[in-house]
Amino acid sequence: MEDGGVLKEGFLVKRGHIVHNWKARWFVLRQNTLLYYKLEGGRKVNPPKGQILLDGCTITCPCLEYENRPLLIKLKTRTSTEYFLEACSREDRDAWAFEITGAIHAGQPGKVQQLHIQRNSFKLPPHISLHRIVDKMHDSGSGIRPSPNLEQGSTYKKTFNGSSLVDWLISNGFAANRLEAVTLASMLLEENFLNPVGARSMGAVRSGDLAEQFLDDSTALYTFAESYKKKISLREDINLSTMELSGTVIKQGYLAKQGHKRKNWKVRRFVLRKEPAFLHYYDPSKEENRPVGGFSLRGSLVSALEDNGVPTGVKGNVQGNLFKVITKDDTHYYIQASSKAERAEWIEAIKKLT
């Protein structure tokens with residue numbers, strides 16, 4: 001492939017070099033470089049803000065160096081410069097990591113083939129006991145931090161989800177890939193170091209097959225065997241905002257949104273949930289994982305805006321791939337996707353829930 005070919009592009013949230021603040025940037029992956037741009041009015045601002053040379057680069061994924069940012073990829077260049085890039089979902093993170101790893105090893109096809117082959121046979125290294133893994137999981141600094149989690153309307157205290165345990169096992173060197181980590185987690189279940197909590201994970205354990213007992217899934221909950229607390233019902237201590245966030249995640253991604261007061265455009269991580277149907281958005285530059293806004297989709301209208309020229313209601317020279325959501329109480333949200341296809345996907349997903 002010649003240098004001009006774009007392997008992948010999209011938003012990632014990048015840690016600043018001098019000040020460690022986090023900003024959304026538009027990334028373009030080519031065969032030997034990863035370029036990143038500021039976006040204004042839905043367009044890349046040339047020249048790029050920076051570029052990462054991939055030759056001799058090492059990639060760490062999953063990277064768990066920032067507790068509040070579990071979906072990071074870390075790149076370390078040949079000159080030891082470190083880049084931290086955050087994706088909007090595990091699927092998105094893994095897709096970027098796969099493409100970047102392929103680009104890094106483009107000159108060594110054998111390495112890429114190794115990536116494609118996930119070994120099925122897995123033996124726990126003789127020097128690692130399950131007890132040692134569990135001790136490390138309990139470590140207050142580098143262990144797994146259980147927290148309250150919602151599943152189907154019930155809150156379970158001190159739990160963690162399957163995907164985060166898989167990330168942790170890989171990150172701590174106990175497993176080489178997700179398949180190995182799932183096998184290892186299934187052993188921890190079998191030996192009663194972990195308990196399944198809630199319908200998803202309990203159902204999988206009942207399925208019987210060891211390989212499928214543990215779910216690498218962000219909605220399957222688990223807890224340390226001795227700390228399992230009875231679930232508390234929703235009515236007791238959960239406010240409305242938790243209720244809003246209790247639905248199943250249908251879709252998530254980075255989109256640009258026009259502000260209500262200053263009308264400036266900012267990249268936000270949008271999360272679409274059903275039962276109840278809500279669209280929330282998060283500020284990727286902030287540490288806490290709380291939405292900065294959101295609205296119920298019941299009785300709302302969603303429509304694409306025309307692509308030639310700046311549509312009515314849109315401030316600044318922003319055009320192309322725009323859509324609008326009007327809520328039941330007549331609030332207008334102007335949102336911009338990064339392609340026609342992405343806009344169509346969001347509109348279709350939202351329409352199903354209105």
# chains A, B, ... in the order shown; residues from 1 in each chain; ligands from 1
>>> residues_around(residues="Lys261 in chain A", least_positions_apart="5", cutoff="12 Å", atoms="only C-alpha atoms", output="JSON, numbers by chain")
{"A": [315, 332, 333]}
>>> residues_around(residues="Thr58 in chain A", least_positions_apart="2", cutoff="7 Å", atoms="only C-alpha atoms", output="count of residues only")
5
>>> residues_around(residues="Cys57 in chain A", least_positions_apart="3", cutoff="12 Å", atoms="only C-alpha atoms", output="list of chain:residue names")
A:Asn32, A:Thr33, A:Leu34, A:Ile52, A:Leu53, A:Leu54, A:Thr60, A:Lys74, A:Leu75, A:Lys76, A:Thr77, A:Arg78, A:Thr79, A:Ser80, A:Thr81, A:Glu82, A:Tyr83, A:Ile100, A:Thr101, A:Gly102, A:Ala103, A:Ile104, A:His105, A:Ala106
>>> write_last_selection(atoms="N, CA and C atoms", output="mmCIF file, in the first residue's frame")
data_model
loop_
_atom_site.group_PDB
_atom_site.id
_atom_site.type_symbol
_atom_site.label_atom_id
_atom_site.label_comp_id
_atom_site.auth_asym_id
_atom_site.auth_seq_id
_atom_site.Cartn_x
_atom_site.Cartn_y
_atom_site.Cartn_z
ATOM 1 N N ASN A 32 2.609 4.284 7.912
ATOM 2 C CA ASN A 32 3.751 4.466 8.816
ATOM 3 C C ASN A 32 3.588 5.598 9.829
ATOM 4 N N THR A 33 2.454 6.310 9.763
ATOM 5 C CA THR A 33 2.248 7.393 10.735
ATOM 6 C C THR A 33 0.794 7.440 11.191
ATOM 7 N N LEU A 34 0.631 7.971 12.397
ATOM 8 C CA LEU A 34 -0.700 8.251 12.931
ATOM 9 C C LEU A 34 -0.741 9.767 13.099
ATOM 10 N N ILE A 52 2.512 10.761 14.927
ATOM 11 C CA ILE A 52 3.207 9.725 15.686
ATOM 12 C C ILE A 52 3.837 8.789 14.659
ATOM 13 N N LEU A 53 5.176 8.684 14.696
ATOM 14 C CA LEU A 53 5.864 7.784 13.764
ATOM 15 C C LEU A 53 5.778 6.361 14.311
ATOM 16 N N LEU A 54 5.247 5.447 13.499
ATOM 17 C CA LEU A 54 4.945 4.110 13.999
ATOM 18 C C LEU A 54 6.127 3.136 13.918
ATOM 19 N N THR A 60 0.529 -0.713 23.920
ATOM 20 C CA THR A 60 0.011 -1.399 25.101
ATOM 21 C C THR A 60 -1.509 -1.277 25.079
ATOM 22 N N LYS A 74 -1.908 2.798 24.727
ATOM 23 C CA LYS A 74 -0.678 3.563 24.970
ATOM 24 C C LYS A 74 0.316 3.239 23.854
ATOM 25 N N LEU A 75 0.865 4.281 23.250
ATOM 26 C CA LEU A 75 1.898 4.098 22.229
ATOM 27 C C LEU A 75 3.194 4.697 22.752
ATOM 28 N N LYS A 76 4.288 3.969 22.579
ATOM 29 C CA LYS A 76 5.590 4.491 22.981
ATOM 30 C C LYS A 76 6.469 4.462 21.736
ATOM 31 N N THR A 77 6.934 5.638 21.318
ATOM 32 C CA THR A 77 7.698 5.708 20.070
ATOM 33 C C THR A 77 9.130 5.241 20.306
ATOM 34 N N ARG A 78 9.842 5.092 19.213
ATOM 35 C CA ARG A 78 11.239 4.661 19.283
ATOM 36 C C ARG A 78 12.056 5.610 20.149
ATOM 37 N N THR A 79 11.663 6.902 20.181
ATOM 38 C CA THR A 79 12.400 7.881 21.007
ATOM 39 C C THR A 79 11.807 7.995 22.409
ATOM 40 N N SER A 80 10.969 7.009 22.775
ATOM 41 C CA SER A 80 10.386 6.922 24.129
ATOM 42 C C SER A 80 9.363 8.004 24.471
ATOM 43 N N THR A 81 8.772 8.636 23.455
ATOM 44 C CA THR A 81 7.649 9.535 23.735
ATOM 45 C C THR A 81 6.404 8.677 23.925
ATOM 46 N N GLU A 82 5.621 8.980 24.974
ATOM 47 C CA GLU A 82 4.419 8.190 25.245
ATOM 48 C C GLU A 82 3.172 8.959 24.837
ATOM 49 N N TYR A 83 2.275 8.246 24.177
ATOM 50 C CA TYR A 83 0.976 8.815 23.804
ATOM 51 C C TYR A 83 -0.116 7.966 24.435
ATOM 52 N N ILE A 100 -3.575 -0.324 14.340
ATOM 53 C CA ILE A 100 -2.286 0.319 14.639
ATOM 54 C C ILE A 100 -1.191 -0.749 14.732
ATOM 55 N N THR A 101 -1.509 -1.869 15.396
ATOM 56 C CA THR A 101 -0.519 -2.948 15.516
ATOM 57 C C THR A 101 -0.136 -3.458 14.132
ATOM 58 N N GLY A 102 -1.124 -3.612 13.257
ATOM 59 C CA GLY A 102 -0.859 -4.044 11.885
ATOM 60 C C GLY A 102 0.051 -3.070 11.152
ATOM 61 N N ALA A 103 -0.185 -1.757 11.374
ATOM 62 C CA ALA A 103 0.628 -0.726 10.708
ATOM 63 C C ALA A 103 2.054 -0.723 11.260
ATOM 64 N N ILE A 104 2.194 -0.932 12.583
ATOM 65 C CA ILE A 104 3.533 -0.968 13.187
ATOM 66 C C ILE A 104 4.340 -2.116 12.597
ATOM 67 N N HIS A 105 3.683 -3.266 12.414
ATOM 68 C CA HIS A 105 4.394 -4.469 11.957
ATOM 69 C C HIS A 105 4.280 -4.673 10.450
ATOM 70 N N ALA A 106 3.916 -3.609 9.725
ATOM 71 C CA ALA A 106 3.675 -3.761 8.282
ATOM 72 C C ALA A 106 4.878 -4.349 7.563
#
>>> residues_around(residues="range 222-224 of chain A", least_positions_apart="6", cutoff="9 Å", atoms="only C-alpha atoms", output="PyMOL selection string")
chain A and resi 134+138+146+157-162+192-198+201
>>> residues_around(residues="Asp330 in chain A", least_positions_apart="2", cutoff="12 Å", atoms="only C-alpha atoms", output="mmCIF file with N, CA and C atoms, in the first residue's frame")
data_model
loop_
_atom_site.group_PDB
_atom_site.id
_atom_site.type_symbol
_atom_site.label_atom_id
_atom_site.label_comp_id
_atom_site.auth_asym_id
_atom_site.auth_seq_id
_atom_site.Cartn_x
_atom_site.Cartn_y
_atom_site.Cartn_z
ATOM 1 N N PHE A 295 -31.150 13.457 27.539
ATOM 2 C CA PHE A 295 -32.601 13.678 27.446
ATOM 3 C C PHE A 295 -33.303 12.367 27.110
ATOM 4 N N SER A 296 -34.572 12.305 27.523
ATOM 5 C CA SER A 296 -35.418 11.160 27.212
ATOM 6 C C SER A 296 -35.788 11.218 25.735
ATOM 7 N N LEU A 297 -35.828 10.053 25.092
ATOM 8 C CA LEU A 297 -36.151 10.020 23.664
ATOM 9 C C LEU A 297 -37.641 9.814 23.409
ATOM 10 N N GLY A 299 -41.172 10.470 22.583
ATOM 11 C CA GLY A 299 -41.868 11.609 21.978
ATOM 12 C C GLY A 299 -40.954 12.602 21.294
ATOM 13 N N SER A 300 -39.679 12.208 21.056
ATOM 14 C CA SER A 300 -38.783 13.158 20.385
ATOM 15 C C SER A 300 -38.750 12.885 18.882
ATOM 16 N N LEU A 301 -38.264 13.872 18.122
ATOM 17 C CA LEU A 301 -38.168 13.757 16.665
ATOM 18 C C LEU A 301 -36.704 13.852 16.275
ATOM 19 N N VAL A 302 -36.297 13.023 15.327
ATOM 20 C CA VAL A 302 -34.908 13.097 14.861
ATOM 21 C C VAL A 302 -34.919 13.182 13.336
ATOM 22 N N LYS A 324 -30.602 16.637 13.711
ATOM 23 C CA LYS A 324 -31.210 17.403 14.793
ATOM 24 C C LYS A 324 -32.156 16.505 15.570
ATOM 25 N N VAL A 325 -32.129 16.630 16.907
ATOM 26 C CA VAL A 325 -33.121 15.943 17.742
ATOM 27 C C VAL A 325 -33.931 17.019 18.451
ATOM 28 N N ILE A 326 -35.266 16.927 18.314
ATOM 29 C CA ILE A 326 -36.157 17.840 19.051
ATOM 30 C C ILE A 326 -36.847 17.007 20.123
ATOM 31 N N THR A 327 -36.623 17.380 21.390
ATOM 32 C CA THR A 327 -37.202 16.592 22.483
ATOM 33 C C THR A 327 -38.672 16.940 22.658
ATOM 34 N N LYS A 328 -39.322 16.136 23.514
ATOM 35 C CA LYS A 328 -40.757 16.321 23.787
ATOM 36 C C LYS A 328 -41.044 17.733 24.302
ATOM 37 N N HIS A 332 -33.994 21.847 21.122
ATOM 38 C CA HIS A 332 -33.366 21.433 19.864
ATOM 39 C C HIS A 332 -31.890 21.118 20.089
ATOM 40 N N TYR A 333 -31.482 19.924 19.697
ATOM 41 C CA TYR A 333 -30.074 19.525 19.783
ATOM 42 C C TYR A 333 -29.535 19.381 18.371
#
>>> residues_around(residues="Gln152 in chain A", least_positions_apart="6", cutoff="10 Å", atoms="only C-alpha atoms", output="list in words")
Gly198, Ala199, Arg200, Thr219, Leu234, Ser246, Gly247, Thr248 and Glu275 of chain A
>>> write_last_selection(atoms="C-alpha atoms", output="short mmCIF file (atom, residue, chain, number, x, y, z; two decimals), in the first residue's frame")
data_model
loop_
_atom_site.label_atom_id
_atom_site.label_comp_id
_atom_site.auth_asym_id
_atom_site.auth_seq_id
_atom_site.Cartn_x
_atom_site.Cartn_y
_atom_site.Cartn_z
CA GLY A 198 -27.12 -10.86 38.29
CA ALA A 199 -28.95 -12.52 35.41
CA ARG A 200 -26.30 -12.29 32.65
CA THR A 219 -22.97 -6.14 31.29
CA LEU A 234 -34.02 0.18 42.92
CA SER A 246 -29.81 1.93 33.90
CA GLY A 247 -30.88 1.04 30.36
CA THR A 248 -28.99 -1.24 28.00
CA GLU A 275 -35.43 0.74 28.58
#
>>> closest_residue(among="A:Ser147, A:Asp167, A:Phe214, A:Ser338", to="Arg43 in chain A", atoms="only C-alpha atoms")
A:Ser338
>>> residues_around(residues="Val6 in chain A", least_positions_apart="2", cutoff="8 Å", atoms="only C-alpha atoms", output="NGL selection string")
:A and (4 or 8-9 or 28-31)
>>> write_last_selection(atoms="C-alpha atoms", output="PDB file, in the first residue's frame")
ATOM      1  CA  GLY A   4      -1.475   7.862   0.693  1.00  0.00           C
ATOM      2  CA  LYS A   8      -8.590   4.085   9.667  1.00  0.00           C
ATOM      3  CA  GLU A   9      -9.780   7.480  10.859  1.00  0.00           C
ATOM      4  CA  VAL A  28      -5.843   9.426  10.631  1.00  0.00           C
ATOM      5  CA  LEU A  29      -3.886   6.154  10.492  1.00  0.00           C
ATOM      6  CA  ARG A  30      -1.581   5.608   7.521  1.00  0.00           C
ATOM      7  CA  GLN A  31       0.913   2.848   6.866  1.00  0.00           C
TER       8      GLN A  31
END
>>> select_by_dssp(residues="range 161-277 of chain A", states="strand (DSSP E or B)", output="MDAnalysis selection string")
chainID A and resid 161 194:197 221:224 232 248:258 265:274
